[in-house]
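> Got a structure for you, written out below as structure tokens; questions coming shortly.
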Amino acid sequence: MTVLDFWRSHGAEAAALLWQHLYLVAASTGLAIALGIPIGVFAARRPRAGAPIVWLANVAQTIPSLAMFGFLLPLPLVGGLGARLAVTVLTLYALLPIARTTVAGLRSVDAALIEAGTALGMTARQLLWQVELPLALPSIVAGIRVATVIGVGTATIAAAVGAGGLGEYIFRGLAMVEPTVILAGAIPAALLALVLDGGLTLVERAVRAALSRGRAARVGRLGLVLALAAAGIAVVTAAVVRDDRQIVRVGSKNFTEQIILGELLAQLIETRSSLSVDRRLNLGGTFICDRAIRAGDIDLYVEYSGTAHSAIFHEPANTDPRVVLDTVRRRYAEIGLTLLDPLGFENTFAILVRGDEARRLELTTIGDAVPYASSWQAGFGYEFLERADGYPGLSRTYGLAFATPPRAMDVSLVYRALAEGQVDLVAGDATSGLIEAYDLTMLADDRRYFPPYDAAVVARSATLLAHPDLRDLLRRLAGRITVGEMRRMNHAVDAGRRDPARVVAEFLRTLA
Amino acid sequence: MTQDFPPSEIVLRDVHLTRGATPVLRGLSLQVERGETLVLVGRSGAGKSSVLKLINRLLNPDRGDVMVCGRSAALWDPIVLRRQIGYVLQEVGLFPHLSVRDNVGIVPRLLGWADDRVRARVDEVLDLVELPAQEYAARPPHELSGGQRQRVGVARALAADPPLLLMDEPFGALDPVTRSELHTAFRRIQSRVRKTVVLVTHDMAEALALASRVGVLADGQIIVFDDPPAILRTSDARVRPLLAPLLEAGAALRVT
């Protein structure tokens, strides 16, 4: 599939994302102009008081953008998923170039001209508006250009907090390991940056030309009107609260299975209820999804019982699926969230052997494999080798010992290494599509060494109470997705490079 | 208190001024009468510009009195004071981002004149300095020659028809021919508008050409204060060096 094909089949969506991207950049740059120029004026006038502000803007600039989103996410007013947070972060990044070029522009004004203005009887304010700002304008416009280009780039990260924009395709492509989809977002973002850079360079030249032709008054008034308009757009949209009672916001983490499950919930709700759906898929990791659902930025997403148990609620390790599920459900209930019944499959560590070998040796459990292990070679991911609940504990629990120490390799490579006979036993991901593709057999964890990772929908209790039909719909999904079906869908998207939405639609048709 | 004669337009009495650590003026006194052209002459760094800046309150004296129009400068609102004093700067100080018309109209606009009155007045003063408005008003300063820019500077200073005019080395950066043209223009204009003018220069020839009275500034004081013929005749050892270039030129002419 080429990028052009992708755009052709996703035309409306791509246009909407481009529009969102433009909006994010325009709103944040407008706000940054409205704030940055006064900050720059203040810093130029009172260097001692102004220096710390410019310093702070400098520090803000050095914070990696993803980290900045993380810091601001839990804050009131500016925080929360969506455009408002994105505009806040982008504004912070745009402030520095604008404030700094304002300072530089004001400082570059010839002292003799300032003395002339003073001697003619201008007040400090008249001097600023009639002499200093007009002469600093080309420098300020250059700052706005830099801020805009930075904004176009940084706005791609905004997709991580559900603000949309072209970053949506980049993140989706990264999760699917699909370069075409990455390019579908990256190419227009790069073009947008080039176009805006070129356009604003022309504006900068026009301003310089107008100034040297003695037309400052007109330029100044036009600039002021534009800045106020941009700031106005930003403020209005930030303040607008959508009536979203009839909209269910579905979230997901940022890997293939989660995106499929998010899409599945979204399509289910869209096709079988009167509610509409706001997809906030691909939201980064567990932490962001948890924050988002607690803050009410999303209404539901799929979590895994073991992950909630250890990573969210920090409960002591337990391997009884019933106990883990009950504990997590109780802890969720305390914070106004409902854990629905598991969907039917588990996404746990899978101890895998080649299918033909399993059939020949009649292996079904890990215990069955122990006698053969002494002549085998194992291959594990780095994380599995190190984690306390990984290889060290597994080896102790089952008395598992191999001919040579296990080979460390990237976890994405273990399936192939096993299939090609380079190793004889690996630890993979229970829902990986490659298990079936390579005819591998997952050995049952008969001693319950691994914690349970039952996938289940977490939803805001208030949302479920407000929409009984939604609750019934989600309840009917319990136990309906087998591990085989999950693997097949993962495989279709990962290896088959298929659109998650189509894969999900086909699955839902089988779900009467 | 009653006065039998109109008060002098500008009075400086025993003025002391220090800039940074260096004393610039040490007990300077002078008086400028209405309608006269006082030219202050002195070497660079003698404190000539400082005297002008004391008059429009760009500087305040450490000690002594500065009176403008019969009132202590310290009592004037500096903004109001400056709008009544035309000021022509050393480097002209035209705003590069404003057209000739906008530059000249600045003070009238600051004073809140109506647009058409500003326009008419700008045309009038541009005419006075022999830069016809229809040809020059719309142009930016950088398209003009040095002499034309200086004329615009004078027009700007005269625009609001102030009673006082301060000129800080106004013709300093020009070539001799242009300078002499402007001297002629200045005398012509001054004979029509009769402003009270204080002009500063380091060039004694310029002082003698323009002044009704000349003050020679040295060591932070006025050391000689007289009309041009008297200055030419002076035997003061501190003034003779300033006259030397003039006398040399005259002697050379006589020899050939």
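By convention here, the chains of the structure tokens are called A, B, ... in the order presented, each chain's residues are numbered starting at 1, and ligands are numbered starting at 1 in the order presented.
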Could you produce a table of the residues of chain B lying within 8 Å of chain A, with the nearest pair of atoms per residue and their separation in Å rounded to one decimal, using only C-alpha atoms, ordered by chain and increasing residue number, as JSON lines?


```
{"residue": "B:Asn56", "atom": "CA", "partner": "A:Ala119", "partner_atom": "CA", "distance": 7.2}
{"residue": "B:Leu58", "atom": "CA", "partner": "A:Ala119", "partner_atom": "CA", "distance": 7.0}
{"residue": "B:Pro78", "atom": "CA", "partner": "A:Gly121", "partner_atom": "CA", "distance": 7.6}
{"residue": "B:Ile79", "atom": "CA", "partner": "A:Gly121", "partner_atom": "CA", "distance": 4.8}
{"residue": "B:Val80", "atom": "CA", "partner": "A:Gly121", "partner_atom": "CA", "distance": 6.9}
{"residue": "B:Leu81", "atom": "CA", "partner": "A:Gly121", "partner_atom": "CA", "distance": 7.6}
{"residue": "B:Arg82", "atom": "CA", "partner": "A:Gly121", "partner_atom": "CA", "distance": 4.7}
{"residue": "B:Arg83", "atom": "CA", "partner": "A:Gly121", "partner_atom": "CA", "distance": 5.0}
{"residue": "B:Ile85", "atom": "CA", "partner": "A:Leu120", "partner_atom": "CA", "distance": 7.7}
{"residue": "B:Gly86", "atom": "CA", "partner": "A:Leu120", "partner_atom": "CA", "distance": 7.2}
{"residue": "B:Tyr87", "atom": "CA", "partner": "A:Leu120", "partner_atom": "CA", "distance": 6.7}
{"residue": "B:Leu89", "atom": "CA", "partner": "A:Ala116", "partner_atom": "CA", "distance": 7.1}
{"residue": "B:Glu91", "atom": "CA", "partner": "A:Ala112", "partner_atom": "CA", "distance": 7.6}
{"residue": "B:Gly93", "atom": "CA", "partner": "A:Leu113", "partner_atom": "CA", "distance": 5.4}
{"residue": "B:Leu94", "atom": "CA", "partner": "A:Leu113", "partner_atom": "CA", "distance": 7.3}
{"residue": "B:Phe95", "atom": "CA", "partner": "A:Leu113", "partner_atom": "CA", "distance": 6.7}
{"residue": "B:Pro96", "atom": "CA", "partner": "A:Ser212", "partner_atom": "CA", "distance": 6.5}
{"residue": "B:His97", "atom": "CA", "partner": "A:Gly214", "partner_atom": "CA", "distance": 4.5}
{"residue": "B:Leu98", "atom": "CA", "partner": "A:Gly214", "partner_atom": "CA", "distance": 3.9}
{"residue": "B:Ser99", "atom": "CA", "partner": "A:Gly214", "partner_atom": "CA", "distance": 4.2}
{"residue": "B:Val100", "atom": "CA", "partner": "A:Gly214", "partner_atom": "CA", "distance": 7.9}
{"residue": "B:Val107", "atom": "CA", "partner": "A:Leu120", "partner_atom": "CA", "distance": 6.5}
{"residue": "B:Leu110", "atom": "CA", "partner": "A:Met122", "partner_atom": "CA", "distance": 7.2}
{"residue": "B:Ala138", "atom": "CA", "partner": "A:Gly214", "partner_atom": "CA", "distance": 7.9}
{"residue": "B:Arg139", "atom": "CA", "partner": "A:Arg213", "partner_atom": "CA", "distance": 7.0}
{"residue": "B:Pro140", "atom": "CA", "partner": "A:Gly214", "partner_atom": "CA", "distance": 4.9}
{"residue": "B:Pro141", "atom": "CA", "partner": "A:Gly214", "partner_atom": "CA", "distance": 7.8}
{"residue": "B:His142", "atom": "CA", "partner": "A:Ser212", "partner_atom": "CA", "distance": 7.9}
```

> Find the residues near B:Val216: any atom within 6 Å, counting only C-alpha atoms, skip ones fewer than 3 places away on the same chain, and give them as a PyMOL selection string.

chain B and resi 40-42+222-224

> Can you tell me how far atom CA of B:Cys69 sits from atom CA of B:Glu9, in Å to one decimal?

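Value for the atom CA of B:Cys69-atom CA of B:Glu9 distance: 4.8 Å.
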
> Would you mind reading off the distance between atom CA of A:Ala430 and atom CA of A:Arg280, one decimal, in Å?

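One can read the atom CA of A:Ala430 to atom CA of A:Arg280 distance as 25.4 Å.
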
> From the set A:Ala378, A:Leu337, A:Ala229, A:Leu22, which residue has the shortest atom-to-atom contact distance to A:Leu300, counting only C-alpha atoms?

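Between A:Ala378, A:Leu337, A:Ala229, A:Leu22, the residue approaching A:Leu300 most closely is A:Leu337.
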
> Given the choices A:Gly105, A:Pro179, A:Gly153, A:Gly390, which gets closest to A:Pro451 if the distance is worked out from only C-alpha atoms?

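Using only C-alpha atoms, A:Pro451 sits closest to A:Gly390.
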
> Any idea what's packed within 9 Å of B:Leu158, counting only C-alpha atoms, ignoring anything in its chain fewer than 2 positions away? Could you give it as a ChimeraX atom specification?

/B:85-87,104,125,153-156,160-162,165

> List the spatial neighbours of A:Asp299 as a PyMOL selection string - criterion: any atom at most 9 Å away, only C-alpha atoms, same-chain residues fewer than 5 positions off excluded.

chain A and resi 248-251+292-294+458-464

> Just list as a list in words whatever in stretch 388-453 of chain A DSSP marks as strand (DSSP E or B).

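Those in stretch 388-453 of chain A that DSSP calls strand (DSSP E or B) are Arg407, Ala408, Leu425, Val426, Ala427, Gly428, Asp429, Leu440, Thr441, Met442, Leu443 and Ala444 of chain A.
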
> For B:Asp226, find every residue with an atom within 8 Å (counting only C-alpha atoms), except residues of its own chain fewer than 4 positions away, and show them as an mmCIF file with N, CA and C atoms, in the first residue's frame.


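As a result, selection_36.cif now contains:
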```
data_model
loop_
_atom_site.group_PDB
_atom_site.id
_atom_site.type_symbol
_atom_site.label_atom_id
_atom_site.label_comp_id
_atom_site.auth_asym_id
_atom_site.auth_seq_id
_atom_site.Cartn_x
_atom_site.Cartn_y
_atom_site.Cartn_z
ATOM 1 N N ARG B 213 24.153 86.059 19.243
ATOM 2 C CA ARG B 213 25.180 86.093 20.274
ATOM 3 C C ARG B 213 25.854 84.725 20.343
ATOM 4 N N VAL B 214 27.117 84.715 20.758
ATOM 5 C CA VAL B 214 27.889 83.483 20.840
ATOM 6 C C VAL B 214 28.335 83.281 22.281
ATOM 7 N N GLY B 215 28.162 82.070 22.764
ATOM 8 C CA GLY B 215 28.716 81.736 24.066
ATOM 9 C C GLY B 215 29.789 80.681 23.874
ATOM 10 N N ALA B 230 32.453 91.054 18.269
ATOM 11 C CA ALA B 230 33.268 91.124 19.478
ATOM 12 C C ALA B 230 34.078 89.848 19.661
ATOM 13 N N ILE B 231 33.455 88.705 19.343
ATOM 14 C CA ILE B 231 34.159 87.421 19.469
ATOM 15 C C ILE B 231 35.368 87.405 18.544
#
```

> Could you check how far atom CA of A:Phe42 sits from atom CA of A:Arg100, in Å to one decimal?

11.2 Å

> List as a ChimeraX atom specification the protein and nucleic acid residues near A:Val103, meaning an atom at most 7 Å away when only C-alpha atoms are counted, but skip any in the same chain fewer than 5 places from it.

/A:40-41,43-44

> Those residues with C-alpha atoms, as a JSON list (two decimals), in the first residue's frame please?


```
[["chain", "number", "residue", "atom", "x", "y", "z"],
["A", 40, "GLY", "CA", 9.22, 40.50, 25.90],
["A", 41, "VAL", "CA", 8.35, 44.19, 26.35],
["A", 43, "ALA", "CA", 11.73, 41.88, 30.01],
["A", 44, "ALA", "CA", 13.30, 44.53, 27.77]]
```

> Could you list, as number ranges by chain, every residue within 7 Å of B:Arg187, counting only C-alpha atoms and ignoring same-chain residues fewer than 4 positions away?

B: 183, 191, 210

> Can you spit out the residues from that selection as a PDB file, in the first residue's frame, using N, CA and C atoms?


```pdb
ATOM      1  N   HIS B 183      22.908  77.073   6.031  1.00  0.00           N
ATOM      2  CA  HIS B 183      23.072  78.279   6.833  1.00  0.00           C
ATOM      3  C   HIS B 183      22.220  79.409   6.265  1.00  0.00           C
ATOM      4  N   SER B 191      14.532  84.578  10.049  1.00  0.00           N
ATOM      5  CA  SER B 191      14.062  85.952   9.886  1.00  0.00           C
ATOM      6  C   SER B 191      12.541  85.975   9.739  1.00  0.00           C
ATOM      7  N   LEU B 210      25.708  82.257  12.106  1.00  0.00           N
ATOM      8  CA  LEU B 210      24.295  82.128  12.454  1.00  0.00           C
ATOM      9  C   LEU B 210      23.875  82.945  13.675  1.00  0.00           C
TER      10      LEU B 210
END
```

> List every residue of stretch 48-204 of chain B that DSSP, applied to the backbone of this structure, places in alpha helix (DSSP H), and write the result as a CSV table (one decimal) with N, CA and C atoms, in the first residue's frame.


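So the final result, stored in selection.csv, reads:
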```
chain,number,residue,atom,x,y,z
B,48,LYS,N,28.2,71.0,25.7
B,48,LYS,CA,27.3,71.8,25.0
B,48,LYS,C,25.9,71.1,24.9
B,49,SER,N,25.9,69.8,24.5
B,49,SER,CA,24.6,69.1,24.4
B,49,SER,C,23.9,69.0,25.7
B,50,SER,N,24.7,68.9,26.8
B,50,SER,CA,24.1,68.8,28.1
B,50,SER,C,23.3,70.1,28.5
B,51,VAL,N,23.8,71.2,28.0
B,51,VAL,CA,23.0,72.4,28.3
B,51,VAL,C,21.6,72.4,27.6
B,52,LEU,N,21.6,71.8,26.3
B,52,LEU,CA,20.3,71.7,25.7
B,52,LEU,C,19.4,70.7,26.4
B,53,LYS,N,20.0,69.6,26.9
B,53,LYS,CA,19.2,68.6,27.5
B,53,LYS,C,18.7,69.1,28.9
B,54,LEU,N,19.4,70.1,29.5
B,54,LEU,CA,18.9,70.6,30.7
B,54,LEU,C,17.6,71.5,30.5
B,55,ILE,N,17.6,72.1,29.3
B,55,ILE,CA,16.5,73.0,29.0
B,55,ILE,C,15.2,72.2,28.7
B,78,PRO,N,7.5,67.4,32.2
B,78,PRO,CA,8.5,67.2,31.1
B,78,PRO,C,7.8,67.0,29.7
B,79,ILE,N,6.7,66.2,29.7
B,79,ILE,CA,6.1,66.0,28.4
B,79,ILE,C,5.5,67.2,27.8
B,80,VAL,N,4.9,68.0,28.6
B,80,VAL,CA,4.3,69.3,28.1
B,80,VAL,C,5.4,70.2,27.7
B,81,LEU,N,6.4,70.3,28.5
B,81,LEU,CA,7.6,71.2,28.2
B,81,LEU,C,8.2,70.8,26.8
B,82,ARG,N,8.5,69.5,26.6
B,82,ARG,CA,9.2,69.1,25.4
B,82,ARG,C,8.3,69.4,24.2
B,83,ARG,N,7.0,69.3,24.3
B,83,ARG,CA,6.2,69.5,23.1
B,83,ARG,C,6.1,71.0,22.8
B,100,VAL,N,8.3,61.0,5.5
B,100,VAL,CA,8.6,62.4,5.8
B,100,VAL,C,7.4,63.1,6.5
B,101,ARG,N,6.2,62.9,5.9
B,101,ARG,CA,5.0,63.5,6.4
B,101,ARG,C,4.7,63.1,7.8
B,102,ASP,N,4.9,61.8,8.1
B,102,ASP,CA,4.6,61.3,9.4
B,102,ASP,C,5.6,61.8,10.4
B,103,ASN,N,6.9,61.9,10.0
B,103,ASN,CA,7.9,62.4,10.9
B,103,ASN,C,7.7,63.8,11.3
B,104,VAL,N,7.3,64.6,10.3
B,104,VAL,CA,7.1,66.0,10.5
B,104,VAL,C,5.9,66.3,11.4
B,106,ILE,N,4.7,64.5,13.8
B,106,ILE,CA,4.7,63.8,15.1
B,106,ILE,C,4.2,64.7,16.2
B,107,VAL,N,4.8,65.8,16.4
B,107,VAL,CA,4.4,66.6,17.6
B,107,VAL,C,3.0,67.2,17.5
B,108,PRO,N,2.6,67.7,16.4
B,108,PRO,CA,1.2,68.1,16.3
B,108,PRO,C,0.2,67.0,16.6
B,109,ARG,N,0.6,65.7,16.1
B,109,ARG,CA,-0.3,64.6,16.5
B,109,ARG,C,-0.3,64.3,18.0
B,110,LEU,N,0.9,64.4,18.6
B,110,LEU,CA,1.0,64.2,20.0
B,110,LEU,C,0.2,65.2,20.8
B,115,ASP,N,-6.6,65.7,12.0
B,115,ASP,CA,-5.8,65.2,10.9
B,115,ASP,C,-5.6,66.2,9.8
B,116,ASP,N,-6.6,67.0,9.4
B,116,ASP,CA,-6.5,67.9,8.3
B,116,ASP,C,-5.6,69.1,8.7
B,117,ARG,N,-5.7,69.4,10.0
B,117,ARG,CA,-4.9,70.6,10.4
B,117,ARG,C,-3.4,70.1,10.4
B,118,VAL,N,-3.1,68.9,10.8
B,118,VAL,CA,-1.7,68.3,10.8
B,118,VAL,C,-1.2,68.4,9.4
B,119,ARG,N,-2.1,67.9,8.5
B,119,ARG,CA,-1.7,67.8,7.1
B,119,ARG,C,-1.4,69.2,6.5
B,120,ALA,N,-2.2,70.1,6.8
B,120,ALA,CA,-2.0,71.5,6.2
B,120,ALA,C,-0.7,72.0,6.8
B,121,ARG,N,-0.5,71.8,8.1
B,121,ARG,CA,0.7,72.4,8.7
B,121,ARG,C,2.0,71.7,8.2
B,122,VAL,N,1.9,70.4,8.0
B,122,VAL,CA,3.1,69.7,7.4
B,122,VAL,C,3.4,70.3,6.1
B,123,ASP,N,2.4,70.5,5.2
B,123,ASP,CA,2.7,71.0,3.9
B,123,ASP,C,3.3,72.4,4.1
B,124,GLU,N,2.9,73.2,5.0
B,124,GLU,CA,3.4,74.5,5.2
B,124,GLU,C,4.8,74.5,5.6
B,125,VAL,N,5.2,73.7,6.6
B,125,VAL,CA,6.6,73.7,7.1
B,125,VAL,C,7.5,73.1,6.1
B,126,LEU,N,7.0,72.1,5.3
B,126,LEU,CA,7.9,71.5,4.3
B,126,LEU,C,8.2,72.6,3.2
B,127,ASP,N,7.2,73.4,3.0
B,127,ASP,CA,7.4,74.5,2.0
B,127,ASP,C,8.4,75.4,2.6
B,128,LEU,N,8.3,75.7,3.9
B,128,LEU,CA,9.3,76.6,4.5
B,128,LEU,C,10.7,76.2,4.4
B,133,ALA,N,5.9,69.5,-0.5
B,133,ALA,CA,5.2,68.3,0.1
B,133,ALA,C,4.8,67.3,-1.0
B,134,GLN,N,4.3,67.7,-2.1
B,134,GLN,CA,3.9,66.8,-3.1
B,134,GLN,C,5.0,65.9,-3.6
B,135,GLU,N,6.2,66.4,-3.5
B,135,GLU,CA,7.4,65.6,-4.0
B,135,GLU,C,8.0,64.8,-2.9
B,136,TYR,N,8.0,65.3,-1.7
B,136,TYR,CA,8.8,64.7,-0.6
B,136,TYR,C,8.0,64.0,0.5
B,146,GLY,N,21.6,63.9,2.8
B,146,GLY,CA,21.8,64.3,4.1
B,146,GLY,C,21.3,65.7,4.4
B,147,GLY,N,21.5,66.6,3.4
B,147,GLY,CA,21.0,68.0,3.6
B,147,GLY,C,19.4,68.0,3.6
B,148,GLN,N,18.8,67.2,2.8
B,148,GLN,CA,17.3,67.1,2.8
B,148,GLN,C,16.8,66.6,4.1
B,149,ARG,N,17.5,65.6,4.6
B,149,ARG,CA,17.1,65.0,5.9
B,149,ARG,C,17.2,66.1,7.0
B,150,GLN,N,18.2,66.8,7.0
B,150,GLN,CA,18.4,67.9,8.0
B,150,GLN,C,17.3,68.9,7.9
B,151,ARG,N,16.9,69.2,6.7
B,151,ARG,CA,15.7,70.2,6.5
B,151,ARG,C,14.5,69.6,7.1
B,152,VAL,N,14.3,68.2,6.9
B,152,VAL,CA,13.1,67.6,7.4
B,152,VAL,C,13.2,67.7,9.0
B,153,GLY,N,14.4,67.5,9.5
B,153,GLY,CA,14.6,67.6,11.0
B,153,GLY,C,14.1,69.0,11.5
B,154,VAL,N,14.5,70.0,10.7
B,154,VAL,CA,14.1,71.4,11.1
B,154,VAL,C,12.6,71.6,11.0
B,155,ALA,N,12.0,71.0,9.9
B,155,ALA,CA,10.6,71.1,9.7
B,155,ALA,C,9.9,70.4,10.8
B,156,ARG,N,10.4,69.3,11.2
B,156,ARG,CA,9.8,68.6,12.3
B,156,ARG,C,9.8,69.4,13.6
B,157,ALA,N,10.9,70.1,13.9
B,157,ALA,CA,11.1,70.9,15.1
B,157,ALA,C,10.1,72.1,15.0
B,158,LEU,N,9.8,72.6,13.8
B,158,LEU,CA,9.0,73.8,13.7
B,158,LEU,C,7.5,73.5,13.6
B,176,PRO,N,30.7,70.8,3.2
B,176,PRO,CA,30.7,72.3,3.4
B,176,PRO,C,29.7,73.0,2.5
B,177,VAL,N,29.6,72.6,1.3
B,177,VAL,CA,28.7,73.3,0.4
B,177,VAL,C,27.2,73.2,0.9
B,178,THR,N,26.8,72.0,1.2
B,178,THR,CA,25.4,71.8,1.7
B,178,THR,C,25.3,72.6,3.0
B,179,ARG,N,26.3,72.6,3.8
B,179,ARG,CA,26.2,73.3,5.1
B,179,ARG,C,26.0,74.8,4.9
B,180,SER,N,26.7,75.3,3.9
B,180,SER,CA,26.5,76.8,3.7
B,180,SER,C,25.2,77.1,3.1
B,181,GLU,N,24.7,76.2,2.3
B,181,GLU,CA,23.3,76.4,1.8
B,181,GLU,C,22.3,76.4,2.9
B,182,LEU,N,22.5,75.4,3.9
B,182,LEU,CA,21.6,75.3,5.0
B,182,LEU,C,21.7,76.5,5.9
B,183,HIS,N,22.9,77.1,6.0
B,183,HIS,CA,23.1,78.3,6.8
B,183,HIS,C,22.2,79.4,6.3
B,184,THR,N,22.3,79.5,4.9
B,184,THR,CA,21.5,80.6,4.3
B,184,THR,C,20.0,80.3,4.6
B,185,ALA,N,19.6,79.0,4.4
B,185,ALA,CA,18.2,78.7,4.6
B,185,ALA,C,17.8,79.0,6.0
B,186,PHE,N,18.7,78.7,7.0
B,186,PHE,CA,18.4,78.9,8.4
B,186,PHE,C,18.1,80.4,8.7
B,187,ARG,N,19.0,81.2,8.1
B,187,ARG,CA,18.9,82.6,8.4
B,187,ARG,C,17.6,83.1,7.8
B,188,ARG,N,17.2,82.6,6.6
B,188,ARG,CA,16.0,83.0,5.9
B,188,ARG,C,14.8,82.6,6.8
B,189,ILE,N,14.8,81.4,7.2
B,189,ILE,CA,13.7,80.9,8.0
B,189,ILE,C,13.6,81.7,9.3
B,190,GLN,N,14.7,81.8,10.0
B,190,GLN,CA,14.7,82.5,11.3
B,190,GLN,C,14.2,83.9,11.2
B,191,SER,N,14.5,84.6,10.0
B,191,SER,CA,14.1,86.0,9.9
B,191,SER,C,12.5,86.0,9.7
B,192,ARG,N,12.0,84.9,9.3
B,192,ARG,CA,10.5,84.8,9.2
B,192,ARG,C,9.8,84.4,10.5
B,193,VAL,N,10.4,83.3,11.1
B,193,VAL,CA,9.7,82.8,12.3
B,193,VAL,C,10.1,83.4,13.6
B,204,MET,N,33.4,77.3,15.0
B,204,MET,CA,33.3,78.7,15.2
B,204,MET,C,32.8,79.5,14.0
```

> Pick the closest to A:Gly306 from A:Pro371, A:Arg360, A:Pro452, A:Gly284: which is it, counting only C-alpha atoms?

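Distance minimum relative to A:Gly306 lands on A:Pro452.
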
> Using only C-alpha atoms for the distances, tell me which of A:Val324, A:Pro188, A:Ala311, A:Ala437 is nearest to A:Gly496.

A:Ala437
